[in-house]
Each structure stands twice: as structure tokens, then as C-alpha cells.
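J.: Here you go, upload-v4.txt (compact mmCIF, C-alpha atoms):
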# COMPACT_ATOMS: atom_id res chain seq x y z
CA ASN K 1 128.15 264.98 95.97
CA ASN K 2 131.32 263.18 94.91
CA ASP K 3 133.05 266.38 93.80
CA ALA K 4 132.43 268.06 97.15
CA TRP K 5 133.88 265.13 99.12
CA ALA K 6 136.86 264.96 96.75
CA ALA K 7 137.51 268.71 97.02
CA ARG K 8 137.34 268.68 100.81
CA CYS K 9 139.66 265.68 100.88
CA TRP K 10 142.22 267.55 98.78
CA VAL K 11 142.00 270.78 100.79
CA ARG K 12 142.52 268.91 104.05
CA ALA K 13 145.32 266.74 102.62
CA ALA K 14 147.15 269.67 101.07
CA GLY K 15 146.89 271.67 104.29
CA GLY K 16 148.40 268.79 106.22
CA ARG K 17 146.52 269.55 109.42
CA GLU K 18 143.40 267.42 109.07
CA VAL K 19 144.90 264.39 107.39
CA GLN K 20 142.77 261.78 109.15
CA GLN K 21 139.63 263.72 108.21
CA ALA K 22 140.93 263.96 104.65
CA LEU K 23 141.16 260.18 104.54
CA SER K 24 137.56 259.92 105.65
CA ASP K 25 136.49 262.42 102.98
CA CYS K 26 138.35 260.52 100.26
CA ASN K 27 136.77 257.26 101.37
CA GLN K 28 133.33 258.87 101.21
CA ALA K 29 134.01 260.17 97.68
CA LEU K 30 135.19 256.71 96.58
CA LYS K 31 132.00 255.13 97.97
CA LEU K 32 130.10 257.32 95.51
CA LYS K 33 132.47 256.74 92.59
CA ALA K 34 135.02 253.98 93.07
CA ASP K 35 136.81 254.54 89.76
CA ALA K 36 137.74 258.21 90.20
CA PRO K 37 141.47 258.47 89.41
CA ASP K 38 141.76 261.96 90.91
CA VAL K 39 140.30 260.80 94.23
CA LEU K 40 142.50 257.69 94.27
CA ASP K 41 145.46 259.99 93.60
CA THR K 42 144.47 262.26 96.50
CA ARG K 43 143.93 259.34 98.85
CA GLY K 44 147.38 258.08 97.86
CA PHE K 45 148.72 261.51 98.84
CA VAL K 46 146.91 261.24 102.19
CA HIS K 47 148.45 257.84 102.84
CA LEU K 48 151.84 259.23 101.87
CA ARG K 49 151.42 262.02 104.44
CA LEU K 50 150.44 259.44 107.06
CA GLY K 51 153.52 257.32 106.32
CA LYS K 52 151.37 254.42 105.08
CA TYR K 53 153.52 253.72 102.05
CA ASP K 54 151.96 250.39 101.05
CA ASP K 55 148.49 251.97 101.05
CA ALA K 56 149.82 254.97 99.11
CA ILE K 57 151.34 252.69 96.46
CA LYS K 58 148.09 250.71 96.21
CA ASP K 59 146.05 253.88 95.62
CA TYR K 60 148.56 255.33 93.17
CA ASP K 61 148.61 252.01 91.26
CA ALA K 62 144.80 252.10 91.03
CA ALA K 63 144.81 255.72 89.84
CA LEU K 64 147.49 255.00 87.24
CA LYS K 65 145.58 251.99 85.96
CA LEU K 66 142.72 254.38 85.15
CA ASP K 67 144.95 257.23 83.92
CA PRO K 68 148.60 256.27 83.24
CA LYS K 69 149.65 259.92 82.71
CA LEU K 70 148.87 261.20 86.22
CA ALA K 71 152.16 262.86 87.08
CA GLY K 72 151.17 263.29 90.73
CA SER K 73 150.45 259.59 91.11
CA LEU K 74 153.74 258.64 89.49
CA TYR K 75 155.69 261.07 91.64
CA GLY K 76 153.90 260.11 94.85
CA ARG K 77 154.36 256.42 94.13
CA GLY K 78 158.02 257.10 93.48
CA VAL K 79 158.38 258.83 96.85
CA ALA K 80 156.55 255.99 98.61
CA LYS K 81 158.74 253.36 96.92
CA THR K 82 161.87 255.28 97.86
CA LYS K 83 160.73 255.57 101.49
CA LYS K 84 160.22 251.80 101.50
CA GLY K 85 163.78 251.25 100.23
CA ASP K 86 163.04 250.63 96.54
CA ARG K 87 165.36 253.30 95.18
CA ALA K 88 165.37 252.00 91.60
CA GLY K 89 161.58 251.76 91.37
CA GLY K 90 161.15 255.11 93.08
CA SER K 91 163.63 256.81 90.79
CA ALA K 92 161.95 255.36 87.68
CA ASP K 93 158.53 256.66 88.77
CA ILE K 94 159.90 260.10 89.68
CA THR K 95 161.68 260.38 86.34
CA ALA K 96 158.49 259.37 84.50
CA ALA K 97 156.49 261.95 86.47
CA LYS K 98 158.98 264.71 85.64
CA SER K 99 158.79 263.82 81.94
CA ILE K 100 155.03 264.46 82.08
CA ARG K 101 155.19 267.57 84.31
CA SER K 102 158.55 269.22 84.82
CA ASP K 103 157.33 271.13 87.90
CA ILE K 104 155.92 268.13 89.77
CA GLU K 105 158.80 267.97 92.24
CA ALA K 106 158.34 271.63 93.15
CA GLU K 107 154.62 271.06 93.69
CA PHE K 108 155.21 268.18 96.09
CA SER K 109 157.92 270.18 97.86
CA ARG K 110 155.39 272.95 98.53
CA TYR K 111 153.39 270.37 100.48
CA GLY K 112 156.45 269.16 102.38
CA ILE K 113 156.84 265.92 100.44
CA ARG K 114 160.36 265.07 99.33
Before we go any further, please render this structure as C-alpha cells.

T.:
Amino acid sequence: NNDAWAARCWVRAAGGREVQQALSDCNQALKLKADAPDVLDTRGFVHLRLGKYDDAIKDYDAALKLDPKLAGSLYGRGVAKTKKGDRAGGSADITAAKSIRSDIEAEFSRYGIR
């Protein structure tokens, strides 16, 4: 069940303790449905937690191609770009995310992502 794999991926990613297992869960969900923007968004979050910024950006790009208004993907991509040294690109994505969801920064902060 794609939804079950996706949910377990998110729970593990959000908890921050089973991040490698979360990646495996996301990959399993994407095997069942490759064009799931929410799962691509979550896998981007997992990569962000793992410090794999290029992989995070790739997943966030794919999610945003399917749903350009995903505030979490914009914000996460902005963080990843900033961590890679692209301050202008990161700032633009973060600003766009905040225009969609004003509380997106607070949400990411709850998960330890700044």
C-alpha cells in the first residue's frame, strides 16, 4: 500500500531517529507510485536531514514539477540551496514558500531544520 509506506516514511523522517529506514520506506512508496509529489517531498526532507543536499534538491524539484505550490518543497529546497552556498536561490525559495504558508518556517524549525 503506497499510503502506508508514505506515512511510515514521514513518521520516521519527522522523528529524526530512523532516517535511513525512512529513506527506504519512501523509495518503496515511489516504486508503487513514482509521481507522488507528497512522497517526493518527504524523501527530499529525508535527504535534507541526511545532509544530501543535491539529492534533496532533486526530489524537491520533482515534487514541485508535479505541484508547484508545495510550500514544504519550496522551503526545503531553499534550505538545501542555502546549505550548498546558493544564498540567493535559497532565499528566493524560502520567500516563495512563506508566501504560500506563513507558518512554514516554524514547522521546519519544530523538526530541527533551519

J.: Would you compute the distance between atom CA of K:Ala71 and atom CA of K:Lys98? Give it in Å to one decimal.

T.: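 Distance reported for this atom pair: 7.2 Å.
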
J.: Please measure the separation of atom CA of K:Asn2 and atom CA of K:Phe45, giving the value in Å to one decimal.

T.: 17.9 Å

J.: Check the smallest atom-to-atom distance from each of K:Leu23, K:Ala96, K:Ala6, K:Ala80 to K:Pro68 using all atoms listed in the file, then report the winner.

T.: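 Using all atoms listed in the file, the shortest distance to K:Pro68 belongs to K:Ala96.
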
J.: For a quick check of understanding, using only C-alpha atoms, which of K:Gly44, K:Gly78, K:Gly112, K:Pro37 has the smallest distance to K:Gly16?

T.: K:Gly112

J.: I want to know what sits within 10 Å of K:Lys33, based on all atoms listed in the file, with residues of the same chain fewer than 5 positions away left out; could you give that as a ChimeraX atom specification?

T.: /K:1-3,27-28,39

J.: Measuring atom to atom with only C-alpha atoms, identify which of K:Arg8, K:Lys65, K:Arg87, K:Arg17 is nearest to K:Leu50.

T.: K:Arg17

J.: Nearest residue to K:Trp5 out of K:Val19, K:Asp67, K:Lys52, K:Asp25, using only C-alpha atoms?

T.: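 Smallest separation from K:Trp5 among the options: K:Asp25.
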
J.: Quick one: everything within 9 Å of K:His47, counting all atoms listed in the file, minus sequence neighbours fewer than 4 positions away in the same chain. Send it as a VMD selection string.

T.: chain K and resid 19 23 42 to 43 51 to 57 59

J.: Please compute the atom CA of K:Val79-atom CA of K:Lys31 distance, one decimal, in Å.

T.: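 Atom-to-atom, atom CA of K:Val79 and atom CA of K:Lys31 are spaced 26.7 Å apart.
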
J.: Rank nothing, just name the residue among K:Ala34, K:Arg110, K:Arg49, K:Thr95 nearest to K:Glu18, using all atoms listed in the file.

T.: K:Arg49

J.: N, CA and C atoms for stretch 16-31 of chain K, written as a tab-separated table (two decimals), in the coordinates of the input, could you do that?

T.:
chain	number	residue	atom	x	y	z
K	16	GLY	N	147.59	269.61	105.34
K	16	GLY	CA	148.40	268.79	106.22
K	16	GLY	C	148.01	268.80	107.68
K	17	ARG	N	146.92	269.47	108.02
K	17	ARG	CA	146.52	269.55	109.42
K	17	ARG	C	145.38	268.61	109.78
K	18	GLU	N	144.58	268.27	108.83
K	18	GLU	CA	143.40	267.42	109.07
K	18	GLU	C	143.50	266.17	108.19
K	19	VAL	N	144.61	265.49	108.31
K	19	VAL	CA	144.90	264.39	107.39
K	19	VAL	C	143.98	263.20	107.63
K	20	GLN	N	143.70	262.89	108.87
K	20	GLN	CA	142.77	261.78	109.15
K	20	GLN	C	141.38	262.09	108.60
K	21	GLN	N	140.93	263.32	108.75
K	21	GLN	CA	139.63	263.72	108.21
K	21	GLN	C	139.65	263.68	106.69
K	22	ALA	N	140.79	264.03	106.10
K	22	ALA	CA	140.93	263.96	104.65
K	22	ALA	C	140.74	262.53	104.17
K	23	LEU	N	141.32	261.59	104.90
K	23	LEU	CA	141.16	260.18	104.54
K	23	LEU	C	139.70	259.77	104.55
K	24	SER	N	138.99	260.21	105.56
K	24	SER	CA	137.56	259.92	105.65
K	24	SER	C	136.79	260.53	104.47
K	25	ASP	N	137.14	261.76	104.12
K	25	ASP	CA	136.49	262.42	102.98
K	25	ASP	C	136.76	261.67	101.67
K	26	CYS	N	138.00	261.27	101.47
K	26	CYS	CA	138.35	260.52	100.26
K	26	CYS	C	137.57	259.20	100.21
K	27	ASN	N	137.51	258.52	101.34
K	27	ASN	CA	136.77	257.26	101.37
K	27	ASN	C	135.30	257.47	101.03
K	28	GLN	N	134.73	258.56	101.52
K	28	GLN	CA	133.33	258.87	101.21
K	28	GLN	C	133.16	259.13	99.71
K	29	ALA	N	134.08	259.89	99.12
K	29	ALA	CA	134.01	260.17	97.68
K	29	ALA	C	134.12	258.88	96.88
K	30	LEU	N	135.00	257.97	97.32
K	30	LEU	CA	135.19	256.71	96.58
K	30	LEU	C	134.01	255.76	96.76
K	31	LYS	N	133.23	255.92	97.82
K	31	LYS	CA	132.00	255.13	97.97
K	31	LYS	C	131.01	255.53	96.88
